[in-house]
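Following: one structure in structure tokens, then a few remarks.
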Amino acid sequence: TQLLEQSPQFLSIQEGENLTVYCNSSSVFSSLQWYRQEPGEGPVLLVTVVTGGEVKKLKRLTFQFGDARKDSSLHITAAQPGDTGLYLCAGAGQGAQKLVFGQGTRLTINP
Amino acid sequence: GAVVSQHPSWVICKSGTSVKIECRSLDFQATTMFWYRQFPKQSLMLMATSNEGSKATYEQGVEKDKFLINHASLTLSTLTVTSAHPEDSSFYICSATPWITEAFFGQGTRLTVV
């Protein structure tokens, strides 16, 4: 069974600080997605990484896929209150549509 | 991105009644859709995989007679919570994948059983 360990599960920091969220597994994934979810809404896709070592940037968010495609990280620079939400990583196995989700990181950015 | 629409957004029902939740892929065909349940402040828990034209595949511990899934067309899957009880109150979310590497989610349905 493929598992994704996401950490930290809770993070509360001040506006302007940087942070990193990690997603780790002992399994190899063909792709890994990061989602952001607001209360009462469904998750919204932020990015998909496919190639080992791949780095993608989305404004102040930087996503990295590990070389072995077993782990990923999300780094936010100069966090803002609008970044507050639940961040979820999800991995897809080879040829599989079913996603494996991490436990989620509940991020709170205090003004 | 692709659009998945879920209806209703919220529903309140009496204990013992059944509730149907719809999940539609609006701009693509989905032979497979997924149903999740989410408890407060937690991640998504996969309940079942809905397969167009065949029976759904349920995850371990999910009662198939309790949570009926029908995927009668390439754009619609429904989840019916039968004989609902207060412990079934939760946030239910569906997803569909237009291509293997990415999933798109519905808006979610907040079910409250009173």
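In the structure tokens, chains take letters A, B, ... by order of appearance, with residues numbered from 1 within each chain and ligands from 1 in the order shown.
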Which residues of chain B sit at most 8 Å from chain A, using only C-alpha atoms? Give each one's shortest atom pair and distance in Å (one decimal place), in chain and ascending residue order, as a Markdown table.
```
| residue | atom | partner | partner_atom | distance |
| --- | --- | --- | --- | --- |
| B:Phe34 | CA | A:Lys98 | CA | 7.8 |
| B:Lys41 | CA | A:Arg106 | CA | 7.6 |
| B:Gln42 | CA | A:Gln103 | CA | 6.8 |
| B:Ser43 | CA | A:Gln103 | CA | 5.0 |
| B:Leu44 | CA | A:Phe101 | CA | 7.0 |
| B:Phe91 | CA | A:Gly40 | CA | 7.9 |
| B:Ile93 | CA | A:Gly42 | CA | 6.6 |
| B:Thr97 | CA | A:Gln97 | CA | 7.0 |
| B:Ile100 | CA | A:Gln97 | CA | 5.2 |
| B:Thr101 | CA | A:Ser31 | CA | 6.1 |
| B:Glu102 | CA | A:Thr48 | CA | 7.0 |
| B:Ala103 | CA | A:Leu45 | CA | 7.7 |
| B:Phe104 | CA | A:Leu45 | CA | 7.0 |
| B:Phe105 | CA | A:Gly42 | CA | 5.7 |
| B:Gly106 | CA | A:Gly42 | CA | 5.6 |
| B:Gln107 | CA | A:Gly42 | CA | 4.4 |
| B:Gly108 | CA | A:Gly42 | CA | 5.3 |
| B:Arg110 | CA | A:Gly40 | CA | 7.5 |
```
Considering only C-alpha atoms, return as a PDB file with N, CA and C atoms, in the first residue's frame whatever protein or nucleic-acid residues lie within 12 Å of B:Ala72, sequence-local ones (same chain, fewer than 5 positions apart) excluded.
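Contents of the output file result.pdb:
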```pdb
ATOM      1  N   GLU B  22     -25.045  14.408  -6.408  1.00  0.00           N
ATOM      2  CA  GLU B  22     -24.654  14.249  -7.806  1.00  0.00           C
ATOM      3  C   GLU B  22     -23.276  14.831  -8.071  1.00  0.00           C
ATOM      4  N   CYS B  23     -22.551  14.182  -8.950  1.00  0.00           N
ATOM      5  CA  CYS B  23     -21.234  14.658  -9.369  1.00  0.00           C
ATOM      6  C   CYS B  23     -21.184  14.604 -10.892  1.00  0.00           C
ATOM      7  N   ARG B  24     -20.957  15.744 -11.512  1.00  0.00           N
ATOM      8  CA  ARG B  24     -20.936  15.831 -12.966  1.00  0.00           C
ATOM      9  C   ARG B  24     -19.616  16.375 -13.483  1.00  0.00           C
ATOM     10  N   ALA B  30     -15.851  11.113 -18.083  1.00  0.00           N
ATOM     11  CA  ALA B  30     -15.131  10.455 -16.992  1.00  0.00           C
ATOM     12  C   ALA B  30     -15.653   9.036 -16.818  1.00  0.00           C
ATOM     13  N   THR B  31     -14.865   8.064 -17.215  1.00  0.00           N
ATOM     14  CA  THR B  31     -15.275   6.682 -16.997  1.00  0.00           C
ATOM     15  C   THR B  31     -15.107   6.300 -15.528  1.00  0.00           C
ATOM     16  N   THR B  32     -14.288   7.049 -14.839  1.00  0.00           N
ATOM     17  CA  THR B  32     -14.045   6.789 -13.425  1.00  0.00           C
ATOM     18  C   THR B  32     -14.181   8.079 -12.626  1.00  0.00           C
ATOM     19  N   MET B  33     -14.899   7.996 -11.541  1.00  0.00           N
ATOM     20  CA  MET B  33     -14.984   9.113 -10.600  1.00  0.00           C
ATOM     21  C   MET B  33     -14.714   8.559  -9.214  1.00  0.00           C
ATOM     22  N   SER B  50     -16.021   5.011  -8.525  1.00  0.00           N
ATOM     23  CA  SER B  50     -17.233   4.836  -9.323  1.00  0.00           C
ATOM     24  C   SER B  50     -16.843   4.554 -10.770  1.00  0.00           C
ATOM     25  N   ASN B  51     -17.328   3.455 -11.314  1.00  0.00           N
ATOM     26  CA  ASN B  51     -16.958   3.033 -12.662  1.00  0.00           C
ATOM     27  C   ASN B  51     -18.174   3.071 -13.579  1.00  0.00           C
ATOM     28  N   GLU B  52     -18.076   3.788 -14.666  1.00  0.00           N
ATOM     29  CA  GLU B  52     -19.195   3.908 -15.597  1.00  0.00           C
ATOM     30  C   GLU B  52     -19.583   2.545 -16.158  1.00  0.00           C
ATOM     31  N   GLY B  53     -20.853   2.213 -16.002  1.00  0.00           N
ATOM     32  CA  GLY B  53     -21.364   0.976 -16.575  1.00  0.00           C
ATOM     33  C   GLY B  53     -21.067  -0.277 -15.778  1.00  0.00           C
ATOM     34  N   SER B  54     -20.450  -0.148 -14.638  1.00  0.00           N
ATOM     35  CA  SER B  54     -20.182  -1.326 -13.813  1.00  0.00           C
ATOM     36  C   SER B  54     -20.254  -0.955 -12.341  1.00  0.00           C
ATOM     37  N   LYS B  55     -20.064  -1.963 -11.507  1.00  0.00           N
ATOM     38  CA  LYS B  55     -20.201  -1.730 -10.070  1.00  0.00           C
ATOM     39  C   LYS B  55     -19.052  -0.885  -9.527  1.00  0.00           C
ATOM     40  N   ALA B  56     -19.382  -0.143  -8.497  1.00  0.00           N
ATOM     41  CA  ALA B  56     -18.359   0.663  -7.837  1.00  0.00           C
ATOM     42  C   ALA B  56     -17.435  -0.230  -7.010  1.00  0.00           C
ATOM     43  N   SER B  77     -22.050  10.732 -11.867  1.00  0.00           N
ATOM     44  CA  SER B  77     -22.022   9.703 -10.837  1.00  0.00           C
ATOM     45  C   SER B  77     -22.842  10.218  -9.659  1.00  0.00           C
ATOM     46  N   THR B  78     -23.566   9.318  -9.014  1.00  0.00           N
ATOM     47  CA  THR B  78     -24.349   9.723  -7.854  1.00  0.00           C
ATOM     48  C   THR B  78     -23.983   8.869  -6.654  1.00  0.00           C
ATOM     49  N   LEU B  79     -24.016   9.512  -5.497  1.00  0.00           N
ATOM     50  CA  LEU B  79     -23.804   8.837  -4.219  1.00  0.00           C
ATOM     51  C   LEU B  79     -25.072   9.009  -3.408  1.00  0.00           C
TER      52      LEU B  79
END
```
Taking the DSSP assignment computed from this structure's backbone, write out as an NGL selection string all residues of stretch 42-100 of chain A that belong to strand (DSSP E or B).
-> :A and (44-49 or 55-58 or 61-65 or 71-76 or 85-92 or 99-100)
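Using only C-alpha atoms, the shortest contact distance between A:Lys59 and any of A:Glu17, A:Asp71, A:Glu5, A:Asp83 is found at A:Asp83.
A straight line drawn from atom CA of B:Ser89 to atom CA of B:Trp10 is 10.8 Å long.
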Looking at only C-alpha atoms, which of A:Leu19, A:Ile109, A:Leu61, A:Leu74 is the one that sits closest to A:Gln6?
-> A:Leu74
